[in-house]
Structures are given as C-alpha cells and as structure tokens.
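Enquirer: Handing over protein27.cif, mmCIF, C-alpha atoms (C1' of nucleotides).
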```
data_work
#
loop_
_atom_site.label_atom_id
_atom_site.label_comp_id
_atom_site.auth_asym_id
_atom_site.auth_seq_id
_atom_site.Cartn_x
_atom_site.Cartn_y
_atom_site.Cartn_z
CA MET A 1 72.68 -84.14 -66.55
CA LYS A 2 69.51 -85.68 -67.93
CA LEU A 3 68.24 -88.86 -66.27
CA ALA A 4 65.35 -91.09 -67.31
CA ALA A 5 63.48 -94.14 -66.09
CA TRP A 6 61.28 -96.32 -68.28
CA ASN A 7 59.42 -99.56 -67.79
CA VAL A 8 59.74 -100.92 -71.34
CA ASN A 9 57.62 -104.07 -70.85
CA SER A 10 60.02 -106.26 -72.84
CA LEU A 11 63.25 -104.75 -74.13
CA LYS A 12 63.22 -107.21 -77.03
CA VAL A 13 59.99 -105.71 -78.34
CA ARG A 14 60.79 -102.11 -77.38
CA LEU A 15 64.43 -101.86 -78.54
CA PRO A 16 63.60 -99.79 -81.65
CA GLN A 17 61.60 -97.37 -79.51
CA LEU A 18 64.38 -97.21 -76.93
CA LEU A 19 66.94 -96.37 -79.63
CA ASP A 20 64.59 -93.65 -80.89
CA PHE A 21 64.20 -92.36 -77.34
CA LEU A 22 67.97 -92.22 -76.83
CA ALA A 23 68.56 -90.46 -80.14
CA THR A 24 65.84 -87.85 -79.72
CA ARG A 25 65.98 -87.15 -75.96
CA GLN A 26 69.73 -87.62 -75.54
CA PRO A 27 69.60 -88.68 -71.87
CA ASP A 28 72.90 -89.10 -70.04
CA ALA A 29 71.61 -92.18 -68.23
CA VAL A 30 68.48 -94.33 -68.38
CA CYS A 31 67.13 -96.87 -65.90
CA LEU A 32 65.05 -99.63 -67.49
CA GLN A 33 62.54 -101.96 -65.86
CA GLU A 34 60.84 -105.14 -67.07
CA THR A 35 63.48 -105.95 -69.65
CA LYS A 36 62.22 -109.58 -69.52
CA LEU A 37 65.51 -110.81 -70.95
CA LEU A 38 68.16 -113.29 -69.93
CA ASP A 39 71.54 -111.58 -69.66
CA GLU A 40 72.90 -113.40 -72.71
CA ALA A 41 70.10 -111.85 -74.79
CA PHE A 42 70.70 -108.27 -73.64
CA PRO A 43 71.20 -106.00 -76.70
CA ALA A 44 74.50 -104.54 -75.48
CA ALA A 45 75.99 -104.20 -78.97
CA GLU A 46 73.04 -102.20 -80.31
CA LEU A 47 73.14 -99.88 -77.31
CA ALA A 48 76.93 -99.51 -77.56
CA ALA A 49 76.46 -98.48 -81.19
CA ALA A 50 74.04 -95.83 -79.92
CA GLY A 51 76.73 -94.54 -77.56
CA TYR A 52 75.65 -96.14 -74.29
CA ARG A 53 77.42 -98.39 -71.84
CA VAL A 54 75.15 -100.86 -70.06
CA VAL A 55 74.84 -102.87 -66.89
CA PHE A 56 71.95 -105.24 -66.41
CA ALA A 57 70.43 -108.00 -64.31
CA GLY A 58 67.84 -110.11 -66.06
CA GLN A 59 65.89 -113.33 -65.89
CA LYS A 60 63.55 -115.23 -68.13
CA THR A 61 60.02 -113.88 -68.77
CA TYR A 62 59.68 -111.54 -65.79
CA ASN A 63 61.29 -108.50 -64.18
CA GLY A 64 64.79 -107.50 -65.26
CA VAL A 65 66.52 -104.12 -64.79
CA ALA A 66 69.31 -102.23 -66.54
CA ILE A 67 71.18 -98.93 -66.47
CA LEU A 68 72.40 -97.23 -69.65
CA SER A 69 74.94 -94.42 -69.51
CA ARG A 70 76.97 -92.32 -71.88
CA SER A 71 79.82 -92.24 -69.38
CA ASN A 72 81.40 -94.83 -67.14
CA LEU A 73 79.28 -97.00 -64.81
CA ALA A 74 81.18 -97.61 -61.57
CA ASP A 75 80.57 -99.71 -58.43
CA VAL A 76 77.77 -101.79 -59.90
CA SER A 77 75.62 -103.72 -57.45
CA VAL A 78 72.64 -105.99 -58.05
CA GLY A 79 69.72 -106.53 -55.67
CA ILE A 80 69.25 -105.31 -52.11
CA PRO A 81 72.27 -106.44 -50.06
CA GLY A 82 71.36 -109.10 -47.54
CA VAL A 83 68.04 -109.89 -49.20
CA GLU A 84 67.69 -113.25 -50.91
CA ASP A 85 65.52 -112.75 -53.98
CA GLU A 86 65.59 -114.48 -57.35
CA GLN A 87 63.53 -111.67 -58.84
CA LYS A 88 65.78 -109.19 -60.63
CA ARG A 89 64.41 -105.87 -59.44
CA VAL A 90 67.36 -103.70 -58.41
CA ILE A 91 70.62 -102.58 -59.99
CA ALA A 92 72.76 -99.62 -58.91
CA ALA A 93 75.78 -97.84 -60.36
CA THR A 94 77.65 -94.55 -60.03
CA VAL A 95 77.72 -92.19 -63.02
CA ASP A 96 79.69 -88.94 -62.92
CA GLY A 97 79.57 -88.89 -59.13
CA VAL A 98 75.84 -89.57 -58.96
CA ARG A 99 74.62 -92.83 -57.46
CA LEU A 100 71.78 -94.27 -59.57
CA VAL A 101 69.51 -96.90 -58.06
CA CYS A 102 67.23 -98.53 -60.63
CA VAL A 103 64.18 -100.19 -59.07
CA TYR A 104 61.32 -102.34 -60.32
CA CYS A 105 59.19 -102.53 -57.20
CA PRO A 106 56.78 -105.45 -56.84
CA ASN A 107 53.26 -105.05 -58.20
CA GLY A 108 51.49 -106.83 -55.34
CA GLN A 109 48.71 -108.16 -57.60
CA SER A 110 45.90 -107.64 -55.05
CA LEU A 111 45.53 -107.05 -51.33
CA ASP A 112 44.62 -110.69 -50.68
CA SER A 113 47.51 -112.06 -52.74
CA GLU A 114 50.63 -113.46 -51.11
CA LYS A 115 52.45 -111.01 -53.40
CA TYR A 116 51.07 -108.11 -51.38
CA PRO A 117 52.94 -108.79 -48.12
CA TYR A 118 56.00 -109.55 -50.26
CA LYS A 119 55.63 -106.07 -51.75
CA LEU A 120 55.37 -104.36 -48.35
CA ALA A 121 58.34 -106.29 -46.95
CA TRP A 122 60.32 -105.49 -50.10
CA PHE A 123 59.75 -101.78 -49.59
CA ASP A 124 60.83 -102.08 -45.95
CA ALA A 125 64.08 -103.73 -47.05
CA LEU A 126 64.59 -101.09 -49.72
CA ALA A 127 64.16 -98.29 -47.18
CA ASP A 128 66.59 -99.92 -44.73
CA TRP A 129 69.18 -100.21 -47.47
CA LEU A 130 68.68 -96.73 -48.93
CA LYS A 131 69.06 -95.17 -45.50
CA ASN A 132 72.65 -96.40 -45.49
CA GLU A 133 73.21 -95.68 -49.17
CA LEU A 134 72.29 -92.03 -48.62
CA VAL A 135 75.09 -91.76 -46.09
CA ARG A 136 77.56 -93.35 -48.50
CA TYR A 137 76.31 -91.43 -51.52
CA PRO A 138 74.85 -88.00 -50.71
CA ARG A 139 74.18 -87.49 -54.43
CA LEU A 140 71.71 -90.34 -54.94
CA ALA A 141 68.74 -90.88 -57.25
CA VAL A 142 66.25 -93.74 -57.08
CA LEU A 143 64.56 -94.22 -60.43
CA GLY A 144 61.99 -96.66 -61.67
CA ASP A 145 58.60 -98.28 -61.45
CA TYR A 146 57.42 -98.08 -57.84
CA ASN A 147 53.98 -99.56 -58.48
CA VAL A 148 52.58 -97.01 -56.03
CA ALA A 149 50.48 -93.95 -56.86
CA PRO A 150 51.47 -91.75 -53.90
CA GLU A 151 48.40 -89.51 -53.71
CA ASP A 152 44.85 -89.32 -55.04
CA ARG A 153 45.92 -86.72 -57.59
CA ASP A 154 48.13 -89.43 -59.09
CA VAL A 155 45.04 -91.55 -59.89
CA HIS A 156 42.58 -90.88 -62.73
CA ASP A 157 39.59 -92.04 -60.66
CA PRO A 158 40.50 -92.10 -56.96
CA GLU A 159 37.08 -93.35 -55.87
CA ALA A 160 37.15 -96.30 -58.27
CA TRP A 161 40.68 -97.19 -57.13
CA ARG A 162 40.14 -96.53 -53.41
CA GLY A 163 41.94 -99.12 -51.31
CA SER A 164 43.08 -101.31 -54.18
CA VAL A 165 46.60 -102.43 -54.93
CA LEU A 166 48.93 -99.61 -56.12
CA VAL A 167 47.03 -97.03 -54.05
CA SER A 168 46.32 -98.76 -50.71
CA GLU A 169 47.33 -96.92 -47.57
CA PRO A 170 50.05 -99.43 -46.53
CA GLU A 171 51.69 -99.01 -49.93
CA ARG A 172 51.47 -95.23 -49.78
CA GLU A 173 52.90 -95.34 -46.27
CA ARG A 174 55.91 -97.28 -47.63
CA PHE A 175 56.37 -94.64 -50.31
CA ARG A 176 56.24 -91.85 -47.73
CA LYS A 177 58.86 -93.73 -45.70
CA LEU A 178 61.21 -93.40 -48.66
CA LEU A 179 60.55 -89.66 -48.75
CA ALA A 180 61.18 -89.49 -45.01
CA LEU A 181 64.73 -90.72 -45.64
CA GLY A 182 65.36 -87.36 -47.29
CA LEU A 183 64.33 -88.20 -50.84
CA LYS A 184 62.21 -85.84 -52.92
CA ASP A 185 59.62 -86.79 -55.53
CA SER A 186 61.23 -84.87 -58.41
CA PHE A 187 57.97 -84.53 -60.32
CA ARG A 188 56.43 -82.51 -57.49
CA LEU A 189 59.34 -80.09 -57.26
CA PHE A 190 57.71 -78.23 -60.15
CA GLU A 191 54.30 -77.06 -61.22
CA GLN A 192 52.74 -79.84 -63.27
CA PRO A 193 49.60 -80.32 -65.31
CA GLU A 194 46.67 -82.02 -63.58
CA LYS A 195 45.98 -85.67 -64.32
CA ALA A 196 49.61 -86.44 -65.13
CA PHE A 197 50.19 -90.19 -65.27
CA THR A 198 52.96 -92.61 -66.26
CA TRP A 199 50.96 -95.81 -66.83
CA TRP A 200 47.73 -96.48 -68.70
CA ASP A 201 45.92 -99.79 -69.10
CA TYR A 202 46.27 -101.26 -72.57
CA ARG A 203 42.59 -102.14 -72.42
CA MET A 204 39.53 -99.96 -72.79
CA MET A 205 41.48 -97.24 -74.62
CA GLY A 206 43.08 -96.30 -71.32
CA PHE A 207 45.61 -93.92 -72.83
CA ARG A 208 43.21 -92.18 -75.16
CA ARG A 209 40.86 -91.56 -72.22
CA ASN A 210 43.81 -90.74 -69.92
CA HIS A 211 42.73 -93.47 -67.50
CA GLY A 212 46.11 -93.75 -65.83
CA LEU A 213 48.19 -93.76 -62.69
CA ARG A 214 51.45 -92.02 -61.77
CA ILE A 215 53.49 -94.95 -60.50
CA ASP A 216 56.91 -94.35 -62.08
CA HIS A 217 59.04 -91.94 -60.11
CA ILE A 218 62.48 -90.38 -59.81
CA LEU A 219 63.35 -89.68 -56.19
CA LEU A 220 66.30 -87.38 -55.51
CA SER A 221 68.46 -86.83 -52.46
CA GLU A 222 68.55 -83.26 -51.11
CA PRO A 223 71.69 -82.15 -52.99
CA LEU A 224 70.32 -83.46 -56.29
CA ALA A 225 66.86 -82.04 -55.65
CA ALA A 226 68.40 -78.63 -54.99
CA ALA A 227 70.14 -78.84 -58.37
CA CYS A 228 67.14 -80.25 -60.25
CA THR A 229 65.91 -77.86 -62.95
CA GLY A 230 63.06 -79.87 -64.44
CA ALA A 231 60.97 -83.05 -64.25
CA ALA A 232 58.57 -84.43 -66.84
CA ILE A 233 56.67 -87.41 -68.19
CA ASP A 234 57.36 -88.28 -71.83
CA ARG A 235 53.87 -89.11 -73.06
CA ASP A 236 54.99 -89.17 -76.69
CA MET A 237 56.50 -92.63 -76.31
CA ARG A 238 53.06 -93.94 -75.28
CA LYS A 239 51.54 -92.65 -78.54
CA LEU A 240 53.69 -94.85 -80.78
CA GLU A 241 52.62 -98.08 -82.42
CA ARG A 242 53.04 -101.05 -80.04
CA PRO A 243 53.94 -98.90 -77.03
CA SER A 244 54.95 -99.95 -73.55
CA ASP A 245 52.07 -99.38 -71.17
CA HIS A 246 54.43 -97.05 -69.22
CA ALA A 247 55.78 -93.69 -70.36
CA PRO A 248 59.36 -92.66 -69.53
CA VAL A 249 59.95 -90.14 -66.73
CA LEU A 250 62.77 -87.61 -66.91
CA VAL A 251 64.71 -85.16 -64.76
CA GLU A 252 67.34 -82.56 -65.52
CA ILE A 253 70.03 -81.95 -62.91
CA GLY A 254 72.15 -78.80 -63.04
CA MET A 255 75.87 -79.43 -63.48
CA ALA A 256 76.78 -77.28 -60.49
CA CYS A 257 75.32 -79.70 -57.94
"C1'" DA B 1 29.41 -107.47 -66.43
"C1'" DT B 2 36.11 -108.93 -63.19
"C1'" DG B 3 35.91 -108.55 -69.40
"C1'" DG B 4 39.10 -105.64 -72.09
"C1'" DC B 5 45.36 -105.69 -74.03
"C1'" DG B 6 50.02 -107.16 -74.56
"C1'" DC B 7 53.98 -110.04 -73.52
"C1'" DC B 8 55.90 -114.44 -72.45
"C1'" DA B 9 56.43 -119.48 -72.43
"C1'" DC B 10 58.56 -126.56 -73.53
"C1'" DA B 11 51.85 -122.07 -76.59
"C1'" DT B 12 47.48 -122.52 -79.46
"C1'" DT B 13 45.85 -121.36 -73.43
"C1'" DG B 14 47.29 -119.58 -69.06
"C1'" DG B 15 50.12 -116.51 -65.92
"C1'" DC B 16 51.07 -112.03 -65.12
"C1'" DG B 17 51.09 -107.13 -65.26
"C1'" DA B 18 48.70 -102.79 -62.99
#
```
Reformat the file's structure so that it appears as structure tokens.

Expert:
Amino acid sequence: MKLAAWNVNSLKVRLPQLLDFLATRQPDAVCLQETKLLDEAFPAAELAAAGYRVVFAGQKTYNGVAILSRSNLADVSVGIPGVEDEQKRVIAATVDGVRLVCVYCPNGQSLDSEKYPYKLAWFDALADWLKNELVRYPRLAVLGDYNVAPEDRDVHDPEAWRGSVLVSEPERERFRKLLALGLKDSFRLFEQPEKAFTWWDYRMMGFRRNHGLRIDHILLSEPLAAACTGAAIDRDMRKLERPSDHAPVLVEIGMAC
DNA sequence: ATGGCGCCACATTGGCGA
C-alpha cells in the first residue's frame, strides 16, 4: 500500500501535476493540503476519470484538505471533533482497514502573531483527539503539512532559523507529543540523505540552492510502522514548471500488516 | 537590506504562506 501527502498550494493550478503524479507514482491513497477550493469547485470528475474516489473539505481562498483513494473511503470525518473551527484543516477516512488522517496544521506566521498560540492550541487538540483515535484504529496514519521542522537536521540553516516559527521549541515540543502517542516519523525509519527537505521558498532560488525545511510528514502507528518498507520525498514534482512550493512525501506499507 | 515568489480575491494592491 503506497500512501502520499502533498501540499499542492491550490488544486486548481496544480491539477495537471496531480494527475501526472497519480499516473506515474500510482499511489493507493493521497492526502492533499491547501486545495484552496470551495467544495462545489472540487475536480471530482477529473480524479474519478483517473481512478480515484475523493472526499474533501474546502473553503474559499485558504486551507482545504482532501483524501484520494483507489478503493473505498469509509467513515469520513471532517475537523477535530469538539473543536469549533471554520478553517478546513482536517479530514479522515478509512481505506482498506487503515485509518488516514489528513492534516494541514496551522502555519503560525510568527511568534508574536495571534496565529502562534492558535497553532499551539490546535496541536494540543489534535493530540487529545489522536490519542483516542489510536485506540479506535490501531492501524492509523497521520499525513500532511505539519508546519514544524522537528529537528535541526530538518532545516537548511539551523542558526538562521533558530527560534523562529516552524522550528521554535514550543512547536517542536508539540510535534514530539504526537510521537509520544505512539506515532513514528516514517521518514526517519530509514537511512536518508542529508539535507532532505519537503518545502523550499519560491524566492531567492530556494529550491535550486536547497534552502528548505522538512515540514511535511507521514506519522505511522506502531503496527503500520512495523510494516513500513520505505519512505521518501518526491523532489521531482518540485522541479516542474509552476510547482507547488512543497514536494509530496510517500510511504510504502507492506500488505501483511 | 524584512526584499524576493506565487496564489487568491468584489484586484491592479494587499493578505497570506513558510
């Protein structure tokens, strides 16, 4: 079972690239973030023609999440239960016995922004919810854009970024709290190249200079981590014309999990 | 040097992302 997560930064603009990604990588399921589409504009017909069922939760201009799957999507839920939030950041569904939680975690903007405490509180609510979800669904994956680079090795220039949003200690502590629930950072289950990132600034030739951060992650519960046979970042999608500023992340799960 | 790029919107500039 091949799973992917990709912040597409506008599904309207990136649909041709997504269709190319589906055709060439053949993932079983994909979690999308920043679709930036109202639900009535979601390209369900195009994705159905490509062989994918879809569930989605969108809004105008900002945020928006979706799950694509070649097989049935069951028990769909939107948002974090009990949390009032107009921002469409979470959608979950069960695919072939695996619970997929698609997340677009808040950016936070800067440490002195009111969006920063919102981000920290959002992570606390996510952790509270996932703690229960892991009991309900032992085979659970949380995929998406976390907007947190967990360690200095996930940052192209740790000294330049020290203490800023996306790398600050309170944010990293929230990320570690997710791991403490029993989730594994799939990327670190395997030997990986140094300076491996999932996001690069559009400006200043960030990608060409590999000035990036690893902020998109696939976290796996213990049973899925034990069956995971590979994890990678798909840098090729970032090399295309008019790319998203994020690259997709991928995992392969053995069928015998 | 707080810019720079890209996307979106009741657009021709500003908000936001990260």

Enquirer: Which residues fall under the PyMOL selection byres ((chain B) within 9 of (chain A)) in this file, as a list in words?

Expert: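 Residues picked by the PyMOL selection byres ((chain B) within 9 of (chain A)): DG4, DC5, DG6, DC7, DC8, DA9, DC16, DG17 and DA18 of chain B.
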
Enquirer: Would you work out the distance separating CA of Gly58 (chain A) from CA of Asp39 (chain A), expressed in Å to one decimal?

Expert: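 Between CA of Gly58 (chain A) and CA of Asp39 (chain A) the gap works out to 5.4 Å.
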
Enquirer: Can you measure CA of Arg136 (chain A) to CA of Val95 (chain A) for me? One decimal in Å is fine.

Expert: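 Result for CA of Arg136 (chain A) versus CA of Val95 (chain A): 14.6 Å, one decimal.
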
Enquirer: Name all residues at most 8 Å from Val103 (chain A) (count only C-alpha atoms (C1' of nucleotides); drop same-chain ones fewer than 6 positions away) and give them as a short mmCIF file (atom, residue, chain, number, x, y, z; two decimals) with C-alpha atoms, in the frame of the given file.

Expert:
```
data_model
loop_
_atom_site.label_atom_id
_atom_site.label_comp_id
_atom_site.auth_asym_id
_atom_site.auth_seq_id
_atom_site.Cartn_x
_atom_site.Cartn_y
_atom_site.Cartn_z
CA GLN A 33 62.54 -101.96 -65.86
CA VAL A 65 66.52 -104.12 -64.79
CA ARG A 89 64.41 -105.87 -59.44
CA VAL A 90 67.36 -103.70 -58.41
CA ILE A 91 70.62 -102.58 -59.99
CA VAL A 142 66.25 -93.74 -57.08
CA LEU A 143 64.56 -94.22 -60.43
CA GLY A 144 61.99 -96.66 -61.67
CA ASP A 145 58.60 -98.28 -61.45
CA TYR A 146 57.42 -98.08 -57.84
#
```

Enquirer: Pick from A:Tyr137, A:Tyr116, A:Phe190, A:Trp129: nearest to Pro170 (chain A), with only C-alpha atoms counted?

Expert: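 Result for the nearest residue to Pro170 (chain A): A:Tyr116.
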
Enquirer: Give me the result of the PyMOL selection byres ((chain A and resi 75) around 9) on this file, residue by residue, as a PyMOL selection string.

Expert: chain A and resi 73-74+76-77+92-94

Enquirer: Closest to Arg172 (chain A) among A:Ala227, A:Ser221, A:Asn210, A:Lys119, using only C-alpha atoms?

Expert: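 The closest residue to Arg172 (chain A) is A:Lys119.
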
Enquirer: Missing atoms in region 168-200 of chain A: fill them in up to N, CA and C atoms and send the result as a PDB file, in the coordinates of the input.

Expert:
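The new file part-v4.pdb reads:
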```pdb
ATOM      1  N   SER A 168      46.739 -98.474 -52.094  1.00  0.00           N
ATOM      2  CA  SER A 168      46.320 -98.760 -50.710  1.00  0.00           C
ATOM      3  C   SER A 168      47.196 -97.998 -49.716  1.00  0.00           C
ATOM      4  N   GLU A 169      46.620 -97.734 -48.564  1.00  0.00           N
ATOM      5  CA  GLU A 169      47.330 -96.920 -47.570  1.00  0.00           C
ATOM      6  C   GLU A 169      48.658 -97.545 -47.128  1.00  0.00           C
ATOM      7  N   PRO A 170      48.730 -98.870 -46.888  1.00  0.00           N
ATOM      8  CA  PRO A 170      50.050 -99.430 -46.530  1.00  0.00           C
ATOM      9  C   PRO A 170      51.111 -99.202 -47.607  1.00  0.00           C
ATOM     10  N   GLU A 171      50.724 -99.271 -48.858  1.00  0.00           N
ATOM     11  CA  GLU A 171      51.690 -99.010 -49.930  1.00  0.00           C
ATOM     12  C   GLU A 171      52.113 -97.548 -49.944  1.00  0.00           C
ATOM     13  N   ARG A 172      51.137 -96.656 -49.796  1.00  0.00           N
ATOM     14  CA  ARG A 172      51.470 -95.230 -49.780  1.00  0.00           C
ATOM     15  C   ARG A 172      52.327 -94.880 -48.565  1.00  0.00           C
ATOM     16  N   GLU A 173      52.083 -95.574 -47.464  1.00  0.00           N
ATOM     17  CA  GLU A 173      52.900 -95.340 -46.270  1.00  0.00           C
ATOM     18  C   GLU A 173      54.343 -95.757 -46.535  1.00  0.00           C
ATOM     19  N   ARG A 174      54.543 -96.859 -47.268  1.00  0.00           N
ATOM     20  CA  ARG A 174      55.910 -97.280 -47.630  1.00  0.00           C
ATOM     21  C   ARG A 174      56.573 -96.240 -48.521  1.00  0.00           C
ATOM     22  N   PHE A 175      55.811 -95.675 -49.435  1.00  0.00           N
ATOM     23  CA  PHE A 175      56.370 -94.640 -50.310  1.00  0.00           C
ATOM     24  C   PHE A 175      56.781 -93.420 -49.494  1.00  0.00           C
ATOM     25  N   ARG A 176      55.917 -93.016 -48.573  1.00  0.00           N
ATOM     26  CA  ARG A 176      56.240 -91.850 -47.730  1.00  0.00           C
ATOM     27  C   ARG A 176      57.467 -92.129 -46.859  1.00  0.00           C
ATOM     28  N   LYS A 177      57.660 -93.387 -46.484  1.00  0.00           N
ATOM     29  CA  LYS A 177      58.860 -93.730 -45.700  1.00  0.00           C
ATOM     30  C   LYS A 177      60.130 -93.497 -46.505  1.00  0.00           C
ATOM     31  N   LEU A 178      60.054 -93.709 -47.804  1.00  0.00           N
ATOM     32  CA  LEU A 178      61.210 -93.400 -48.660  1.00  0.00           C
ATOM     33  C   LEU A 178      61.458 -91.888 -48.672  1.00  0.00           C
ATOM     34  N   LEU A 179      60.390 -91.115 -48.777  1.00  0.00           N
ATOM     35  CA  LEU A 179      60.550 -89.660 -48.750  1.00  0.00           C
ATOM     36  C   LEU A 179      61.114 -89.194 -47.413  1.00  0.00           C
ATOM     37  N   ALA A 180      60.723 -89.874 -46.354  1.00  0.00           N
ATOM     38  CA  ALA A 180      61.180 -89.490 -45.010  1.00  0.00           C
ATOM     39  C   ALA A 180      62.674 -89.727 -44.821  1.00  0.00           C
ATOM     40  N   LEU A 181      63.272 -90.529 -45.705  1.00  0.00           N
ATOM     41  CA  LEU A 181      64.730 -90.720 -45.640  1.00  0.00           C
ATOM     42  C   LEU A 181      65.472 -89.476 -46.128  1.00  0.00           C
ATOM     43  N   GLY A 182      64.723 -88.551 -46.727  1.00  0.00           N
ATOM     44  CA  GLY A 182      65.360 -87.360 -47.290  1.00  0.00           C
ATOM     45  C   GLY A 182      65.319 -87.337 -48.801  1.00  0.00           C
ATOM     46  N   LEU A 183      64.476 -88.177 -49.378  1.00  0.00           N
ATOM     47  CA  LEU A 183      64.330 -88.200 -50.840  1.00  0.00           C
ATOM     48  C   LEU A 183      63.137 -87.345 -51.255  1.00  0.00           C
ATOM     49  N   LYS A 184      63.277 -86.699 -52.399  1.00  0.00           N
ATOM     50  CA  LYS A 184      62.210 -85.840 -52.920  1.00  0.00           C
ATOM     51  C   LYS A 184      61.615 -86.455 -54.180  1.00  0.00           C
ATOM     52  N   ASP A 185      60.306 -86.386 -54.302  1.00  0.00           N
ATOM     53  CA  ASP A 185      59.620 -86.790 -55.530  1.00  0.00           C
ATOM     54  C   ASP A 185      59.862 -85.681 -56.561  1.00  0.00           C
ATOM     55  N   SER A 186      60.783 -85.942 -57.498  1.00  0.00           N
ATOM     56  CA  SER A 186      61.230 -84.870 -58.410  1.00  0.00           C
ATOM     57  C   SER A 186      60.078 -84.238 -59.177  1.00  0.00           C
ATOM     58  N   PHE A 187      59.088 -85.038 -59.519  1.00  0.00           N
ATOM     59  CA  PHE A 187      57.970 -84.530 -60.320  1.00  0.00           C
ATOM     60  C   PHE A 187      57.247 -83.397 -59.590  1.00  0.00           C
ATOM     61  N   ARG A 188      57.171 -83.499 -58.272  1.00  0.00           N
ATOM     62  CA  ARG A 188      56.430 -82.510 -57.490  1.00  0.00           C
ATOM     63  C   ARG A 188      57.291 -81.328 -57.051  1.00  0.00           C
ATOM     64  N   LEU A 189      58.521 -81.280 -57.516  1.00  0.00           N
ATOM     65  CA  LEU A 189      59.340 -80.090 -57.260  1.00  0.00           C
ATOM     66  C   LEU A 189      58.907 -78.932 -58.143  1.00  0.00           C
ATOM     67  N   PHE A 190      58.089 -79.240 -59.151  1.00  0.00           N
ATOM     68  CA  PHE A 190      57.710 -78.230 -60.150  1.00  0.00           C
ATOM     69  C   PHE A 190      56.210 -78.228 -60.345  1.00  0.00           C
ATOM     70  N   GLU A 191      55.724 -77.111 -60.865  1.00  0.00           N
ATOM     71  CA  GLU A 191      54.300 -77.060 -61.220  1.00  0.00           C
ATOM     72  C   GLU A 191      54.068 -78.028 -62.373  1.00  0.00           C
ATOM     73  N   GLN A 192      53.006 -78.807 -62.265  1.00  0.00           N
ATOM     74  CA  GLN A 192      52.740 -79.840 -63.270  1.00  0.00           C
ATOM     75  C   GLN A 192      51.282 -79.772 -63.711  1.00  0.00           C
ATOM     76  N   PRO A 193      51.003 -80.256 -64.897  1.00  0.00           N
ATOM     77  CA  PRO A 193      49.600 -80.320 -65.310  1.00  0.00           C
ATOM     78  C   PRO A 193      48.808 -81.276 -64.417  1.00  0.00           C
ATOM     79  N   GLU A 194      47.515 -81.071 -64.321  1.00  0.00           N
ATOM     80  CA  GLU A 194      46.670 -82.020 -63.580  1.00  0.00           C
ATOM     81  C   GLU A 194      46.532 -83.300 -64.389  1.00  0.00           C
ATOM     82  N   LYS A 195      46.183 -84.361 -63.684  1.00  0.00           N
ATOM     83  CA  LYS A 195      45.980 -85.670 -64.320  1.00  0.00           C
ATOM     84  C   LYS A 195      47.196 -86.072 -65.155  1.00  0.00           C
ATOM     85  N   ALA A 196      48.354 -86.017 -64.501  1.00  0.00           N
ATOM     86  CA  ALA A 196      49.610 -86.440 -65.130  1.00  0.00           C
ATOM     87  C   ALA A 196      49.932 -87.853 -64.667  1.00  0.00           C
ATOM     88  N   PHE A 197      49.984 -88.786 -65.610  1.00  0.00           N
ATOM     89  CA  PHE A 197      50.190 -90.190 -65.270  1.00  0.00           C
ATOM     90  C   PHE A 197      51.366 -90.781 -66.042  1.00  0.00           C
ATOM     91  N   THR A 198      51.844 -91.944 -65.573  1.00  0.00           N
ATOM     92  CA  THR A 198      52.960 -92.610 -66.260  1.00  0.00           C
ATOM     93  C   THR A 198      52.580 -93.986 -66.771  1.00  0.00           C
ATOM     94  N   TRP A 199      51.429 -94.486 -66.367  1.00  0.00           N
ATOM     95  CA  TRP A 199      50.960 -95.810 -66.830  1.00  0.00           C
ATOM     96  C   TRP A 199      49.477 -95.739 -67.176  1.00  0.00           C
ATOM     97  N   TRP A 200      49.127 -96.393 -68.276  1.00  0.00           N
ATOM     98  CA  TRP A 200      47.730 -96.480 -68.700  1.00  0.00           C
ATOM     99  C   TRP A 200      47.464 -97.906 -69.142  1.00  0.00           C
TER     100      TRP A 200
END
```
